[in-house]
Amino acid sequence: MRLIWNGHSCFTLETAGGTVVVDPYLDGSVPGLAPIRLRADAVYCSHDHRDHGARELVALTGEKPDVAVETIHTWHDDQQGAQRGPNTIHIFQAEGLRVAHLGDLGCELEPEQMDALKGLDALMIPVGGFYTIDAKQARALVDQLKPRVTVPMHYRGGSFGYDVIGPLEDYLELCGDVVRYPGNVLVLDKDTPGQTAVLTYLPQK
């Protein structure tokens, strides 16, 4: 399985059973990020805000991917959606691997939701705060869930991201297993060692 970070919270998951895109962002919705035009067998969005719900920018192949998908309904804030509405966590299973994308999680998880997220091979988690859980909350959640690989997302980088959210370094300071990748692709298999994987933003060509 290949996890490709397209920027912000948008990922492409390339698997033997097909390709899916999660949380594509609309042109100009995230400062500093280039427009995206993607192709996949399916697209999933955690919610319909401009920086996560641009389904129209993903051209669908018409093929049905052999990728199992579970959903967990959560909130975009800590007031049961009163501020920013609902959020959906997606858990994908393919090639014998389970990976979860938390979307714009902004609340604590219920015990049964935590149980559903145990045993993950990879977890894509927001760490920037303000709109989502922040670095400390994200680290505490990772410590509880214990995914093999953690991929931080939805943070402020040197040349991109919202001013009001925290930089990636706020989260990395809490981690002791950081692996930085020169590109935006993480190859995940059963032998991938445990790590916090930091992918590099590369504008789509």
# chains A, B, ... in the order shown; residues from 1 in each chain; ligands from 1
>>> residues_around(residues="A:Val99", least_positions_apart="5", cutoff="7 Å", atoms="only C-alpha atoms", output="number ranges by chain")
A: 91-93, 120-123
>>> write_last_selection(atoms="N, CA and C atoms", output="PDB file, in the first residue's frame")
ATOM      1  N   ILE A  91     -11.992   4.197   8.177  1.00  0.00           N
ATOM      2  CA  ILE A  91     -11.009   3.120   8.370  1.00  0.00           C
ATOM      3  C   ILE A  91     -11.005   2.276   7.095  1.00  0.00           C
ATOM      4  N   PHE A  92      -9.857   2.182   6.464  1.00  0.00           N
ATOM      5  CA  PHE A  92      -9.716   1.440   5.219  1.00  0.00           C
ATOM      6  C   PHE A  92      -8.941   0.154   5.460  1.00  0.00           C
ATOM      7  N   GLN A  93      -9.378  -0.905   4.809  1.00  0.00           N
ATOM      8  CA  GLN A  93      -8.697  -2.180   4.952  1.00  0.00           C
ATOM      9  C   GLN A  93      -8.436  -2.772   3.567  1.00  0.00           C
ATOM     10  N   LEU A 120      -4.308  -0.555  14.419  1.00  0.00           N
ATOM     11  CA  LEU A 120      -4.095   0.078  13.127  1.00  0.00           C
ATOM     12  C   LEU A 120      -2.646  -0.055  12.666  1.00  0.00           C
ATOM     13  N   ASP A 121      -2.487  -0.241  11.363  1.00  0.00           N
ATOM     14  CA  ASP A 121      -1.141  -0.218  10.791  1.00  0.00           C
ATOM     15  C   ASP A 121      -0.680   1.211  10.538  1.00  0.00           C
ATOM     16  N   ALA A 122      -1.622   2.106  10.280  1.00  0.00           N
ATOM     17  CA  ALA A 122      -1.283   3.521  10.099  1.00  0.00           C
ATOM     18  C   ALA A 122      -2.465   4.388  10.506  1.00  0.00           C
ATOM     19  N   LEU A 123      -2.127   5.552  11.055  1.00  0.00           N
ATOM     20  CA  LEU A 123      -3.139   6.512  11.500  1.00  0.00           C
ATOM     21  C   LEU A 123      -2.773   7.884  10.970  1.00  0.00           C
TER      22      LEU A 123
END
>>> closest_atom_pairs(of="stretch 130-163 of chain A", to="stretch 199-203 of chain A", cutoff="9 Å", atoms="only C-alpha atoms", output="tab-separated table")
residue	atom	partner	partner_atom	distance
A:Val151	CA	A:Leu199	CA	7.8
A:Pro152	CA	A:Leu199	CA	8.6
A:Gly157	CA	A:Tyr201	CA	9.0
>>> write_last_selection(atoms="C-alpha atoms", output="mmCIF file, in the first residue's frame")
data_model
loop_
_atom_site.group_PDB
_atom_site.id
_atom_site.type_symbol
_atom_site.label_atom_id
_atom_site.label_comp_id
_atom_site.auth_asym_id
_atom_site.auth_seq_id
_atom_site.Cartn_x
_atom_site.Cartn_y
_atom_site.Cartn_z
ATOM 1 C CA VAL A 151 1.188 10.311 9.900
ATOM 2 C CA PRO A 152 0.510 13.867 11.152
ATOM 3 C CA GLY A 157 4.160 24.263 7.392
#
>>> residues_around(residues="A:Glu63", least_positions_apart="4", cutoff="12 Å", atoms="only C-alpha atoms", output="number ranges by chain")
A: 17-20, 39-43, 59, 67
>>> select_by_dssp(residues="chain A", states="helix (DSSP H, G or I)", output="number ranges by chain")
A: 55-57, 111-116, 135-145, 168-172
>>> write_last_selection(atoms="N, CA and C atoms", output="short mmCIF file (atom, residue, chain, number, x, y, z; two decimals), in the first residue's frame")
data_model
loop_
_atom_site.label_atom_id
_atom_site.label_comp_id
_atom_site.auth_asym_id
_atom_site.auth_seq_id
_atom_site.Cartn_x
_atom_site.Cartn_y
_atom_site.Cartn_z
N ARG A 55 -14.99 16.82 -3.75
CA ARG A 55 -15.11 15.56 -4.49
C ARG A 55 -14.99 15.75 -6.00
N GLU A 56 -15.44 16.91 -6.46
CA GLU A 56 -15.46 17.15 -7.90
C GLU A 56 -14.06 17.23 -8.52
N LEU A 57 -13.04 17.34 -7.70
CA LEU A 57 -11.67 17.42 -8.22
C LEU A 57 -11.02 16.04 -8.36
N PRO A 111 -15.42 5.30 24.33
CA PRO A 111 -14.67 4.04 24.49
C PRO A 111 -14.85 3.07 23.34
N GLU A 112 -16.08 2.93 22.83
CA GLU A 112 -16.30 1.99 21.73
C GLU A 112 -15.66 2.48 20.44
N GLN A 113 -15.56 3.79 20.28
CA GLN A 113 -14.86 4.33 19.11
C GLN A 113 -13.36 4.08 19.22
N MET A 114 -12.84 4.20 20.40
CA MET A 114 -11.43 3.91 20.64
C MET A 114 -11.14 2.44 20.31
N ASP A 115 -12.02 1.57 20.74
CA ASP A 115 -11.82 0.14 20.48
C ASP A 115 -11.77 -0.15 18.98
N ALA A 116 -12.60 0.55 18.21
CA ALA A 116 -12.65 0.34 16.76
C ALA A 116 -11.37 0.80 16.08
N ALA A 135 -1.73 19.45 19.22
CA ALA A 135 -0.58 18.54 19.28
C ALA A 135 -0.62 17.65 20.51
N LYS A 136 -0.88 18.23 21.67
CA LYS A 136 -0.89 17.43 22.90
C LYS A 136 -2.05 16.44 22.91
N GLN A 137 -3.21 16.86 22.44
CA GLN A 137 -4.36 15.94 22.38
C GLN A 137 -4.09 14.82 21.38
N ALA A 138 -3.47 15.16 20.26
CA ALA A 138 -3.15 14.15 19.25
C ALA A 138 -2.16 13.14 19.80
N ARG A 139 -1.14 13.63 20.50
CA ARG A 139 -0.13 12.72 21.06
C ARG A 139 -0.75 11.80 22.10
N ALA A 140 -1.65 12.34 22.92
CA ALA A 140 -2.32 11.51 23.93
C ALA A 140 -3.17 10.43 23.26
N LEU A 141 -3.84 10.78 22.16
CA LEU A 141 -4.66 9.81 21.45
C LEU A 141 -3.79 8.72 20.82
N VAL A 142 -2.68 9.12 20.23
CA VAL A 142 -1.75 8.14 19.65
C VAL A 142 -1.23 7.19 20.73
N ASP A 143 -0.93 7.73 21.90
CA ASP A 143 -0.44 6.89 22.99
C ASP A 143 -1.48 5.86 23.41
N GLN A 144 -2.74 6.22 23.30
CA GLN A 144 -3.81 5.29 23.66
C GLN A 144 -4.07 4.26 22.56
N LEU A 145 -4.09 4.71 21.31
CA LEU A 145 -4.42 3.82 20.20
C LEU A 145 -3.26 2.93 19.77
N LEU A 168 3.93 21.96 12.60
CA LEU A 168 4.21 20.53 12.77
C LEU A 168 5.14 20.29 13.94
N GLU A 169 6.09 21.18 14.15
CA GLU A 169 7.10 20.97 15.19
C GLU A 169 6.48 20.85 16.58
N ASP A 170 5.34 21.49 16.80
CA ASP A 170 4.68 21.38 18.11
C ASP A 170 4.34 19.92 18.42
N TYR A 171 3.97 19.18 17.37
CA TYR A 171 3.67 17.76 17.57
C TYR A 171 4.95 16.92 17.62
N LEU A 172 5.88 17.21 16.74
CA LEU A 172 7.09 16.37 16.68
C LEU A 172 7.91 16.45 17.96
#
>>> closest_residue(among="A:Ala34, A:Gln80, A:Asp189, A:Leu102", to="A:Leu117", atoms="only C-alpha atoms")
A:Leu102
>>> residues_around(residues="A:Arg180", least_positions_apart="4", cutoff="10 Å", atoms="only C-alpha atoms", output="PDB file with N, CA and C atoms, in the first residue's frame")
ATOM      1  N   ASN A 184       6.604  12.631  -0.814  1.00  0.00           N
ATOM      2  CA  ASN A 184       5.267  12.643  -0.206  1.00  0.00           C
ATOM      3  C   ASN A 184       4.624  11.262  -0.185  1.00  0.00           C
ATOM      4  N   GLN A 195       6.790   4.170  13.638  1.00  0.00           N
ATOM      5  CA  GLN A 195       7.390   5.486  13.425  1.00  0.00           C
ATOM      6  C   GLN A 195       6.319   6.559  13.358  1.00  0.00           C
ATOM      7  N   THR A 196       6.757   7.812  13.524  1.00  0.00           N
ATOM      8  CA  THR A 196       5.974   8.972  13.154  1.00  0.00           C
ATOM      9  C   THR A 196       6.511   9.423  11.812  1.00  0.00           C
ATOM     10  N   ALA A 197       5.740   9.231  10.764  1.00  0.00           N
ATOM     11  CA  ALA A 197       6.199   9.480   9.401  1.00  0.00           C
ATOM     12  C   ALA A 197       5.848  10.905   8.974  1.00  0.00           C
ATOM     13  N   VAL A 198       6.876  11.692   8.692  1.00  0.00           N
ATOM     14  CA  VAL A 198       6.685  13.061   8.237  1.00  0.00           C
ATOM     15  C   VAL A 198       6.925  13.102   6.730  1.00  0.00           C
ATOM     16  N   LEU A 199       5.861  13.301   5.993  1.00  0.00           N
ATOM     17  CA  LEU A 199       5.963  13.362   4.541  1.00  0.00           C
ATOM     18  C   LEU A 199       6.171  14.809   4.087  1.00  0.00           C
ATOM     19  N   THR A 200       6.829  14.975   2.969  1.00  0.00           N
ATOM     20  CA  THR A 200       7.145  16.298   2.437  1.00  0.00           C
ATOM     21  C   THR A 200       6.091  16.729   1.427  1.00  0.00           C
TER      22      THR A 200
END
>>> closest_residue(among="A:Pro167, A:His101, A:Cys45, A:Asp177", to="A:Asp134", atoms="only C-alpha atoms")
A:Pro167
>>> residues_around(residues="A:His47", least_positions_apart="2", cutoff="7 Å", atoms="only C-alpha atoms", output="ChimeraX atom specification")
/A:45,49,52-53,86-88
>>> write_last_selection(atoms="N, CA and C atoms", output="PDB file, in the first residue's frame")
ATOM      1  N   CYS A  45     -14.880  11.799   1.992  1.00  0.00           N
ATOM      2  CA  CYS A  45     -14.671  13.077   2.662  1.00  0.00           C
ATOM      3  C   CYS A  45     -15.154  12.988   4.104  1.00  0.00           C
ATOM      4  N   HIS A  49     -16.588  20.791   4.350  1.00  0.00           N
ATOM      5  CA  HIS A  49     -15.946  22.102   4.292  1.00  0.00           C
ATOM      6  C   HIS A  49     -15.023  22.173   3.073  1.00  0.00           C
ATOM      7  N   HIS A  52     -11.826  20.121   2.609  1.00  0.00           N
ATOM      8  CA  HIS A  52     -11.903  18.664   2.799  1.00  0.00           C
ATOM      9  C   HIS A  52     -12.898  17.971   1.863  1.00  0.00           C
ATOM     10  N   GLY A  53     -13.815  18.718   1.261  1.00  0.00           N
ATOM     11  CA  GLY A  53     -14.941  18.085   0.578  1.00  0.00           C
ATOM     12  C   GLY A  53     -15.017  18.301  -0.922  1.00  0.00           C
ATOM     13  N   PRO A  86     -20.492  17.941  12.016  1.00  0.00           N
ATOM     14  CA  PRO A  86     -20.029  16.562  12.202  1.00  0.00           C
ATOM     15  C   PRO A  86     -18.697  16.295  11.504  1.00  0.00           C
ATOM     16  N   ASN A  87     -18.090  15.188  11.871  1.00  0.00           N
ATOM     17  CA  ASN A  87     -16.855  14.708  11.253  1.00  0.00           C
ATOM     18  C   ASN A  87     -16.929  13.191  11.175  1.00  0.00           C
ATOM     19  N   THR A  88     -16.448  12.640  10.069  1.00  0.00           N
ATOM     20  CA  THR A  88     -16.458  11.193   9.891  1.00  0.00           C
ATOM     21  C   THR A  88     -15.043  10.647   9.803  1.00  0.00           C
TER      22      THR A  88
END
>>> closest_residue(among="A:Gly81, A:Pro126, A:Gly161, A:Pro147", to="A:Gly32", atoms="only C-alpha atoms")
A:Gly161
>>> closest_residue(among="A:Gly106, A:Gly176, A:Gly96, A:Pro182", to="A:Ile125", atoms="only C-alpha atoms")
A:Gly106
>>> select_by_dssp(residues="stretch 33-183 of chain A", states="strand (DSSP E or B)", output="ChimeraX atom specification")
/A:38-40,42-44,58-60,68-75,86-94,97-101,122-126,149-153,156,167,178-180
>>> closest_residue(among="A:Ala68, A:Lys146, A:Glu110, A:Leu97", to="A:Thr192", atoms="only C-alpha atoms")
A:Leu97
>>> closest_residue(among="A:Gly128, A:Gly85, A:Gly103, A:Gly28", to="A:Ile72", atoms="only C-alpha atoms")
A:Gly103
